[in-house]
Amino acid sequence: MSGATINVLYFARVADLTGKRHESWPLPAPIDAGSWLKELESRYPQLAPSDKLKLAINQCHAKRHETIRAGDEVAVFDPVTGG
Amino acid sequence: MVVVQHDDFDAAELTAQLRRRTQGKAGAIVTFTGYVRDYAEDTATDSLFLEHYPGMCERRIGELCEQARQRWPIADCLVAHRVGELRNTEQIVFVAVAGAHRGDAFRACEYLIDALKTSAPFWKRETLADGRQFWVRQQDRDARKAEQWHTATGNPDHHE
């Protein structure tokens with residue numbers, strides 16, 4: 001399990017704040033999206049408060065109770081502003 | 001059909017494409033075009049940069065089109081959205097819906113642009129005339145209007 005990871009993508013303001021657009025993140029066991037966001041906030045305190053951030057898992061909008069598993073693509077971003 | 005591209009689009013040509021695809025089934029085509037506007041209140045906008053999540057954008061807009069087709073008896077719809085650097089006054093987004101009757105086409109078109117604005121992964125960064133840049137924040141009124149489609153029977157404006 002030591003090699004289990006997720007591919008994390010950052011967009012727009014979140015990418016500016018983390019200073020990167022993507023990174024590989026170790027994931028030893030499945031975790032709910034809300035708990036993982038707290039981990040993200042610990043690594044990047046500049047993202048706080050993380051409760052306003054949105055997540056997508058494998059290109060689908062995800063709520064905080066949904067589970068992140070090894071191999072997933074997890075995207076972090078602000079509320080969208082297209083149109 | 002969903003198109004996400006940097007290049008400008010020809011609204012008349014897209015409408016004609018939709019018309020050809022729905023010939024005989026559509027008594028009405030309703031279209032919406034969105035343009036770059038000034039988001040900052042006190043300083044002139046120079047340009048807008050649209051970042052997007054490739055793959056998820058096309059997928060999410062495709063899902064919204066499918067939801068519109070399930071909700072209203074429409075024949076087909078088409079969405080085009082530009083990304084990258086756009087100058088002030090350029091067009092950004094185009095939504096066209098073909099249906100047998102105008103009422104369903106109007107509602108589906110409004111639903112699509114409302115839902116796109118709050119769920120398709122695009123982000124606008126504005127550059128002001130003085131060089132300052134900022135990421136545009138989602139408007140509460142856009143979020144509220146999109147949410148109303150989940151509770152309203154048809155048109156969210158009835159609830160305002």
# chains A, B, ... in the order shown; residues from 1 in each chain; ligands from 1
call {"tool": "interface_residues", "arguments": {"of": "chain B", "to": "chain A", "cutoff": "9 Å", "atoms": "only C-alpha atoms", "output": "ChimeraX atom specification"}}
result
/B:34-35,50-53,55-57,59-60,81,92-94,113-114,116-125,134-139
call {"tool": "write_last_selection", "arguments": {"atoms": "C-alpha atoms", "output": "tab-separated table (two decimals), in the first residue's frame"}}
result
chain	number	residue	atom	x	y	z
B	34	GLY	CA	-22.67	35.90	-23.21
B	35	TYR	CA	-19.98	38.58	-23.64
B	50	LEU	CA	-10.72	31.97	-18.66
B	51	GLU	CA	-9.10	28.96	-17.05
B	52	HIS	CA	-10.86	25.61	-17.32
B	53	TYR	CA	-10.60	21.97	-16.29
B	55	GLY	CA	-12.24	16.98	-19.76
B	56	MET	CA	-14.47	17.79	-16.80
B	57	CYS	CA	-15.82	20.89	-18.60
B	59	ARG	CA	-18.31	16.12	-19.41
B	60	ARG	CA	-20.22	18.42	-17.03
B	81	HIS	CA	-17.59	28.13	-24.42
B	92	ILE	CA	-17.58	34.03	-24.26
B	93	VAL	CA	-20.44	31.56	-24.29
B	94	PHE	CA	-23.22	30.42	-26.58
B	113	ILE	CA	-26.78	28.86	-18.80
B	114	ASP	CA	-27.76	29.09	-15.11
B	116	LEU	CA	-23.31	26.08	-16.50
B	117	LYS	CA	-22.40	29.25	-14.59
B	118	THR	CA	-22.47	27.44	-11.27
B	119	SER	CA	-21.27	23.93	-12.11
B	120	ALA	CA	-19.07	23.85	-15.23
B	121	PRO	CA	-15.41	24.20	-14.15
B	122	PHE	CA	-14.35	27.56	-15.62
B	123	TRP	CA	-12.74	30.42	-13.69
B	124	LYS	CA	-12.43	34.04	-14.81
B	125	ARG	CA	-9.40	36.17	-14.01
B	134	PHE	CA	-7.96	39.24	-9.65
B	135	TRP	CA	-10.02	36.06	-9.80
B	136	VAL	CA	-13.71	36.81	-10.21
B	137	ARG	CA	-15.81	35.48	-7.32
B	138	GLN	CA	-19.00	33.50	-7.89
B	139	GLN	CA	-22.04	35.72	-7.45
call {"tool": "select_by_dssp", "arguments": {"residues": "chain A", "states": "strand (DSSP E)", "output": "MDAnalysis selection string"}}
result
chainID A and resid 5:10 22:26 31:32 54:57 60:62 67:68 73:77
call {"tool": "residues_around", "arguments": {"residues": "region 16-23 of chain A", "least_positions_apart": "2", "cutoff": "10 Å", "atoms": "only C-alpha atoms", "output": "PyMOL selection string"}}
result
chain A and resi 5-14+25-26+43-47+74-76
call {"tool": "residues_around", "arguments": {"residues": "Ala68 (chain B)", "least_positions_apart": "4", "cutoff": "12 Å", "atoms": "only C-alpha atoms", "output": "ChimeraX atom specification"}}
result
/B:61-64,72-78,96-99,104-116,149,154
call {"tool": "decode", "arguments": {"residues": "region 40-60 of chain A", "atoms": "N, CA and C atoms", "output": "PDB file, in the first residue's frame"}}
result
ATOM      1  N   LEU A  40      -5.095  18.795   3.382  1.00  0.00           N
ATOM      2  CA  LEU A  40      -4.618  19.762   2.381  1.00  0.00           C
ATOM      3  C   LEU A  40      -4.370  21.117   3.037  1.00  0.00           C
ATOM      4  N   GLU A  41      -5.313  21.499   3.916  1.00  0.00           N
ATOM      5  CA  GLU A  41      -5.195  22.794   4.582  1.00  0.00           C
ATOM      6  C   GLU A  41      -3.980  22.815   5.527  1.00  0.00           C
ATOM      7  N   SER A  42      -3.639  21.636   6.103  1.00  0.00           N
ATOM      8  CA  SER A  42      -2.449  21.579   6.963  1.00  0.00           C
ATOM      9  C   SER A  42      -1.185  21.787   6.133  1.00  0.00           C
ATOM     10  N   ARG A  43      -1.172  21.198   4.923  1.00  0.00           N
ATOM     11  CA  ARG A  43       0.016  21.352   4.085  1.00  0.00           C
ATOM     12  C   ARG A  43       0.102  22.763   3.503  1.00  0.00           C
ATOM     13  N   TYR A  44      -1.065  23.332   3.180  1.00  0.00           N
ATOM     14  CA  TYR A  44      -1.100  24.674   2.580  1.00  0.00           C
ATOM     15  C   TYR A  44      -2.015  25.579   3.411  1.00  0.00           C
ATOM     16  N   PRO A  45      -1.503  26.098   4.527  1.00  0.00           N
ATOM     17  CA  PRO A  45      -2.348  26.938   5.407  1.00  0.00           C
ATOM     18  C   PRO A  45      -2.916  28.148   4.663  1.00  0.00           C
ATOM     19  N   GLN A  46      -2.257  28.543   3.590  1.00  0.00           N
ATOM     20  CA  GLN A  46      -2.742  29.699   2.832  1.00  0.00           C
ATOM     21  C   GLN A  46      -4.091  29.441   2.163  1.00  0.00           C
ATOM     22  N   LEU A  47      -4.523  28.177   2.117  1.00  0.00           N
ATOM     23  CA  LEU A  47      -5.827  27.845   1.515  1.00  0.00           C
ATOM     24  C   LEU A  47      -6.987  28.032   2.494  1.00  0.00           C
ATOM     25  N   ALA A  48      -6.680  28.215   3.775  1.00  0.00           N
ATOM     26  CA  ALA A  48      -7.738  28.349   4.773  1.00  0.00           C
ATOM     27  C   ALA A  48      -8.548  29.612   4.516  1.00  0.00           C
ATOM     28  N   PRO A  49      -9.857  29.625   4.756  1.00  0.00           N
ATOM     29  CA  PRO A  49     -10.635  28.487   5.251  1.00  0.00           C
ATOM     30  C   PRO A  49     -11.027  27.544   4.101  1.00  0.00           C
ATOM     31  N   SER A  50     -10.791  26.266   4.295  1.00  0.00           N
ATOM     32  CA  SER A  50     -11.019  25.305   3.213  1.00  0.00           C
ATOM     33  C   SER A  50     -12.500  24.976   3.021  1.00  0.00           C
ATOM     34  N   ASP A  51     -13.351  25.460   3.935  1.00  0.00           N
ATOM     35  CA  ASP A  51     -14.773  25.099   3.795  1.00  0.00           C
ATOM     36  C   ASP A  51     -15.421  25.757   2.575  1.00  0.00           C
ATOM     37  N   LYS A  52     -14.763  26.783   2.015  1.00  0.00           N
ATOM     38  CA  LYS A  52     -15.317  27.407   0.807  1.00  0.00           C
ATOM     39  C   LYS A  52     -14.837  26.722  -0.473  1.00  0.00           C
ATOM     40  N   LEU A  53     -13.846  25.836  -0.359  1.00  0.00           N
ATOM     41  CA  LEU A  53     -13.280  25.199  -1.555  1.00  0.00           C
ATOM     42  C   LEU A  53     -14.190  24.100  -2.072  1.00  0.00           C
ATOM     43  N   LYS A  54     -14.095  23.861  -3.378  1.00  0.00           N
ATOM     44  CA  LYS A  54     -14.867  22.782  -4.017  1.00  0.00           C
ATOM     45  C   LYS A  54     -13.909  21.683  -4.437  1.00  0.00           C
ATOM     46  N   LEU A  55     -14.453  20.458  -4.475  1.00  0.00           N
ATOM     47  CA  LEU A  55     -13.658  19.298  -4.880  1.00  0.00           C
ATOM     48  C   LEU A  55     -14.366  18.558  -6.000  1.00  0.00           C
ATOM     49  N   ALA A  56     -13.548  17.986  -6.883  1.00  0.00           N
ATOM     50  CA  ALA A  56     -14.092  17.027  -7.845  1.00  0.00           C
ATOM     51  C   ALA A  56     -13.263  15.753  -7.728  1.00  0.00           C
ATOM     52  N   ILE A  57     -13.943  14.624  -7.751  1.00  0.00           N
ATOM     53  CA  ILE A  57     -13.252  13.335  -7.745  1.00  0.00           C
ATOM     54  C   ILE A  57     -13.512  12.686  -9.101  1.00  0.00           C
ATOM     55  N   ASN A  58     -12.448  12.374  -9.806  1.00  0.00           N
ATOM     56  CA  ASN A  58     -12.550  11.789 -11.148  1.00  0.00           C
ATOM     57  C   ASN A  58     -13.495  12.593 -12.044  1.00  0.00           C
ATOM     58  N   GLN A  59     -13.326  13.915 -11.988  1.00  0.00           N
ATOM     59  CA  GLN A  59     -14.040  14.857 -12.859  1.00  0.00           C
ATOM     60  C   GLN A  59     -15.536  14.950 -12.581  1.00  0.00           C
ATOM     61  N   CYS A  60     -15.967  14.573 -11.356  1.00  0.00           N
ATOM     62  CA  CYS A  60     -17.363  14.792 -10.939  1.00  0.00           C
ATOM     63  C   CYS A  60     -17.340  15.605  -9.642  1.00  0.00           C
TER      64      CYS A  60
END
